[in-house]
Amino acid sequence: MKSKTLSIGIIGAGGMGGAHALNLHSHVVGANLAAVCDTDMNRLHVLSSQVGSFQTMLDPYELMDNDSVEAIIIASPDATHAQYVLHALSLGKPVFCEKPLASDVPEALSLVQKEVEIGKKLISVGFNRRFDPHHQDLKKRLDSGDFGQPLLWKGFHRNASAMYNTAGPFILNNSAGHDVDSAQWMLNASVSEIYTCGIKSRKNLPDDACDLLLVNMRMSDGRLAMAEVYVNAGYGYEVGLEVVCQEGSVSMLPTEQVYARKSGNKGVSVSDDFRGYFARSYQLEMQSWVNSLLYDTPFEGADAWDGYRAIVVTQAAGRSLLEGVPLPVSYMERPRLYQREV
């Protein structure tokens with residue numbers, strides 16, 4: 001990009017789209033919110049009252065085709081991600097896509113292949129834990145070598161309540177991608193085998209519910225990872241992580257914002273809003289993306305290959321859950337465009 005201000009369009013003005021709009025308006029330098037598309041005009045009006053004027057649109061393709069939009073953020077429902085990313089690529093416009101990159105492996109693979117055909121990285125994926133200061137500090141300590149080789153990644157990821165779908169394969173694709181990406185990023189390795197099991201936490205949930213999941217992963221070099229993903233924990237939203245190493249361990253405890261004492265009790269408040277929990281990481285992630293486009297430098301976060309790998313793993317995890325057996329995980333040969341440290 002030659003301009004000093006990047007004109008951005010957002011598809012989806014809901015939770016994440018709205019959060020990105022607020023960050024672009026208040027926290028990101030070098031960005032201009034040019035247009036927002038959503039099917040809910042009232043949502044657009046509310047957002048406009050918070051961030052000022054922008055072009056409002058009901059058609060995502062109208063937004064992407066608009067000459068005033070230089071780069072696109074996709075924060076629409078999961079099932080629409082791949083088709084919008086593909087259209088953005090056809091226009092040669094860079095796109096930041098919220099996870100998951102696609103709904104299944106063939107969709108994700110088609111996006112990787114299209115980007116390889118173009119010969120330039122235009123896709124960035126919203127695995128925001130890579131920008132969380134606590135996760136970054138933990139990874140820095142692992143990479144220092146002071147603890148010997150990291151051997152076991154152990155994480156938990158809890159939501160207060162499931163948003164709209166409690167089927168195990170959906171949760172794995174929609175939520176567990178963060179945990180898969182974190183394990184692969186922290187350990188600098190890809191998942192090669194996966195075994196998933198889970199249970200329904202409450203009798204009143206649908207018959208196909210499986211909302212408490214354990215995802216066991218063997219990495220390409222034999223090391224291990226395991227994730228608890230629980231989307232109906234009730235008490236709030238939290239993410240925790242410990243990496244066991246040859247010479248000790250490194251832990252990241254859940255963020256504690258406020259400690260209160262009252263009526264004979266003391267403790268911390270636990271929010272149910274993941275956007276507030278990871279507010280700083282979303283700001284840093286968006287600034288990094290904008291900077292990468294303004295100054296033609298590599299994006300520090302996840303790319304299309306990372307998005308593809310996560311889909312391959314979570315889809316295999318869903319099959320393992322249904323079949324009740326461990327399954328191997330395999331990927332296409334990594335194209336030269338993505339040749340870098342895993």
# chains A, B, ... in the order shown; residues from 1 in each chain; ligands from 1
>>> select_by_dssp(residues="segment 191-342 of chain A", states="strand (DSSP E or B)", output="short mmCIF file (atom, residue, chain, number, x, y, z; two decimals) with N, CA and C atoms, in the first residue's frame")
data_model
loop_
_atom_site.label_atom_id
_atom_site.label_comp_id
_atom_site.auth_asym_id
_atom_site.auth_seq_id
_atom_site.Cartn_x
_atom_site.Cartn_y
_atom_site.Cartn_z
N VAL A 191 0.42 -30.94 14.25
CA VAL A 191 -0.25 -32.11 14.81
C VAL A 191 -0.21 -33.24 13.78
N SER A 192 0.17 -34.44 14.23
CA SER A 192 0.23 -35.58 13.32
C SER A 192 -0.78 -36.68 13.68
N GLU A 193 -1.30 -36.65 14.89
CA GLU A 193 -2.31 -37.63 15.31
C GLU A 193 -3.21 -36.98 16.34
N ILE A 194 -4.50 -37.35 16.32
CA ILE A 194 -5.44 -36.71 17.24
C ILE A 194 -6.46 -37.72 17.74
N TYR A 195 -6.83 -37.55 19.00
CA TYR A 195 -7.89 -38.36 19.61
C TYR A 195 -8.76 -37.45 20.45
N THR A 196 -10.04 -37.45 20.17
CA THR A 196 -10.98 -36.55 20.86
C THR A 196 -12.08 -37.35 21.52
N CYS A 197 -12.41 -36.96 22.75
CA CYS A 197 -13.57 -37.52 23.42
C CYS A 197 -14.32 -36.38 24.10
N GLY A 198 -15.58 -36.62 24.43
CA GLY A 198 -16.37 -35.55 25.03
C GLY A 198 -17.66 -36.05 25.63
N ILE A 199 -18.32 -35.17 26.38
CA ILE A 199 -19.59 -35.51 27.02
C ILE A 199 -20.56 -34.34 26.90
N ALA A 209 -25.61 -32.91 21.57
CA ALA A 209 -24.67 -32.02 22.26
C ALA A 209 -23.46 -32.78 22.77
N LEU A 212 -18.36 -30.53 26.35
CA LEU A 212 -17.11 -30.60 27.11
C LEU A 212 -16.22 -31.61 26.41
N LEU A 213 -15.13 -31.11 25.83
CA LEU A 213 -14.30 -31.93 24.96
C LEU A 213 -12.86 -31.97 25.45
N LEU A 214 -12.23 -33.12 25.29
CA LEU A 214 -10.80 -33.27 25.52
C LEU A 214 -10.15 -33.64 24.19
N VAL A 215 -9.21 -32.82 23.76
CA VAL A 215 -8.53 -33.02 22.48
C VAL A 215 -7.08 -33.38 22.76
N ASN A 216 -6.70 -34.61 22.45
CA ASN A 216 -5.35 -35.11 22.68
C ASN A 216 -4.60 -35.14 21.36
N MET A 217 -3.42 -34.50 21.33
CA MET A 217 -2.68 -34.36 20.09
C MET A 217 -1.25 -34.87 20.24
N ARG A 218 -0.80 -35.61 19.24
CA ARG A 218 0.62 -35.95 19.13
C ARG A 218 1.19 -35.11 18.00
N MET A 219 2.32 -34.47 18.27
CA MET A 219 2.91 -33.59 17.29
C MET A 219 3.80 -34.35 16.32
N LEU A 224 3.68 -33.87 22.82
CA LEU A 224 2.25 -34.02 23.11
C LEU A 224 1.58 -32.69 23.40
N ALA A 225 0.26 -32.66 23.16
CA ALA A 225 -0.57 -31.51 23.53
C ALA A 225 -1.95 -32.01 23.89
N MET A 226 -2.59 -31.33 24.81
CA MET A 226 -3.96 -31.69 25.18
C MET A 226 -4.74 -30.44 25.55
N ALA A 227 -5.96 -30.36 25.04
CA ALA A 227 -6.80 -29.19 25.27
C ALA A 227 -8.15 -29.59 25.82
N GLU A 228 -8.57 -28.90 26.86
CA GLU A 228 -9.95 -28.98 27.34
C GLU A 228 -10.71 -27.81 26.72
N VAL A 229 -11.80 -28.12 26.03
CA VAL A 229 -12.65 -27.09 25.45
C VAL A 229 -14.05 -27.28 26.01
N TYR A 230 -14.51 -26.33 26.81
CA TYR A 230 -15.80 -26.44 27.51
C TYR A 230 -16.58 -25.17 27.26
N GLU A 238 -12.59 -18.08 30.42
CA GLU A 238 -11.20 -18.13 30.85
C GLU A 238 -10.38 -18.99 29.88
N VAL A 239 -9.11 -18.65 29.77
CA VAL A 239 -8.16 -19.46 29.02
C VAL A 239 -6.93 -19.64 29.90
N GLY A 240 -6.44 -20.86 30.02
CA GLY A 240 -5.25 -21.13 30.81
C GLY A 240 -4.31 -22.05 30.05
N LEU A 241 -3.03 -22.04 30.40
CA LEU A 241 -2.05 -22.81 29.66
C LEU A 241 -0.85 -23.14 30.53
N GLU A 242 -0.36 -24.37 30.42
CA GLU A 242 0.92 -24.77 31.00
C GLU A 242 1.68 -25.58 29.96
N VAL A 243 2.96 -25.31 29.83
CA VAL A 243 3.82 -26.10 28.96
C VAL A 243 4.88 -26.77 29.84
N VAL A 244 4.87 -28.08 29.84
CA VAL A 244 5.83 -28.86 30.62
C VAL A 244 7.07 -29.09 29.77
N CYS A 245 8.22 -28.77 30.34
CA CYS A 245 9.49 -28.84 29.61
C CYS A 245 10.45 -29.82 30.28
N GLY A 248 11.61 -27.99 33.69
CA GLY A 248 10.63 -27.19 34.43
C GLY A 248 9.36 -27.01 33.62
N SER A 249 8.60 -26.01 33.96
CA SER A 249 7.36 -25.73 33.22
C SER A 249 7.11 -24.23 33.23
N VAL A 250 6.30 -23.80 32.27
CA VAL A 250 5.92 -22.40 32.16
C VAL A 250 4.40 -22.36 32.09
N SER A 251 3.78 -21.53 32.94
CA SER A 251 2.32 -21.48 33.02
C SER A 251 1.79 -20.08 32.75
N MET A 252 0.60 -20.03 32.22
CA MET A 252 -0.12 -18.78 32.05
C MET A 252 -1.47 -18.94 32.72
N TYR A 259 -9.93 -7.78 42.08
CA TYR A 259 -10.00 -8.61 43.29
C TYR A 259 -10.84 -7.85 44.32
N ALA A 260 -11.92 -8.46 44.80
CA ALA A 260 -12.85 -7.76 45.69
C ALA A 260 -13.06 -8.52 46.99
N ARG A 261 -13.29 -7.76 48.06
CA ARG A 261 -13.63 -8.32 49.36
C ARG A 261 -14.96 -7.74 49.81
N LYS A 262 -15.91 -8.61 50.14
CA LYS A 262 -17.23 -8.13 50.55
C LYS A 262 -17.99 -9.24 51.26
N ASN A 265 -16.48 -12.55 52.02
CA ASN A 265 -15.91 -13.27 50.89
C ASN A 265 -14.87 -12.42 50.19
N LYS A 266 -13.95 -13.06 49.52
CA LYS A 266 -12.99 -12.37 48.69
C LYS A 266 -12.72 -13.19 47.43
N GLY A 267 -12.45 -12.50 46.35
CA GLY A 267 -12.20 -13.22 45.10
C GLY A 267 -12.16 -12.28 43.91
N VAL A 268 -12.10 -12.88 42.75
CA VAL A 268 -12.01 -12.10 41.52
C VAL A 268 -13.29 -12.26 40.72
N ALA A 302 -1.15 -15.17 12.10
CA ALA A 302 -1.38 -16.38 11.32
C ALA A 302 -1.69 -16.07 9.87
N ASP A 303 -1.22 -16.94 8.98
CA ASP A 303 -1.49 -16.78 7.56
C ASP A 303 -2.44 -17.88 7.08
N LEU A 327 -6.88 -40.73 15.19
CA LEU A 327 -6.77 -40.65 13.74
C LEU A 327 -5.49 -39.92 13.35
N PRO A 328 -4.87 -40.36 12.26
CA PRO A 328 -3.71 -39.62 11.76
C PRO A 328 -4.15 -38.31 11.13
#
>>> select_by_dssp(residues="segment 229-304 of chain A", states="helix (DSSP H, G or I)", output="PyMOL selection string")
chain A and resi 274-277+279-294+304
>>> residues_around(residues="Asp132 of chain A", least_positions_apart="4", cutoff="12 Å", atoms="only C-alpha atoms", output="PyMOL selection string")
chain A and resi 127-128+136-139+182+239+252+255+277-285+301
>>> closest_residue(among="A:Asp67, A:Asp221, A:Asp104, A:Asp211", to="Ala189 of chain A", atoms="only C-alpha atoms")
A:Asp221
>>> atom_distance(atom1="atom CA of Thr80 of chain A", atom2="atom CA of Thr166 of chain A")
19.6 Å
>>> atom_distance(atom1="atom CA of Val312 of chain A", atom2="atom CA of Leu152 of chain A")
20.9 Å
>>> residues_around(residues="Ala108 of chain A", least_positions_apart="5", cutoff="8 Å", atoms="only C-alpha atoms", output="PyMOL selection string")
chain A and resi 82+101-103+307-308+311
>>> residues_around(residues="Leu187 of chain A", least_positions_apart="3", cutoff="8 Å", atoms="only C-alpha atoms", output="PyMOL selection string")
chain A and resi 150+153+183-184
>>> closest_residue(among="A:Ala88, A:Val231, A:Leu142, A:Val313", to="Asn188 of chain A", atoms="only C-alpha atoms")
A:Leu142
>>> atom_distance(atom1="atom CA of Leu151 of chain A", atom2="atom CA of Trp305 of chain A")
24.0 Å
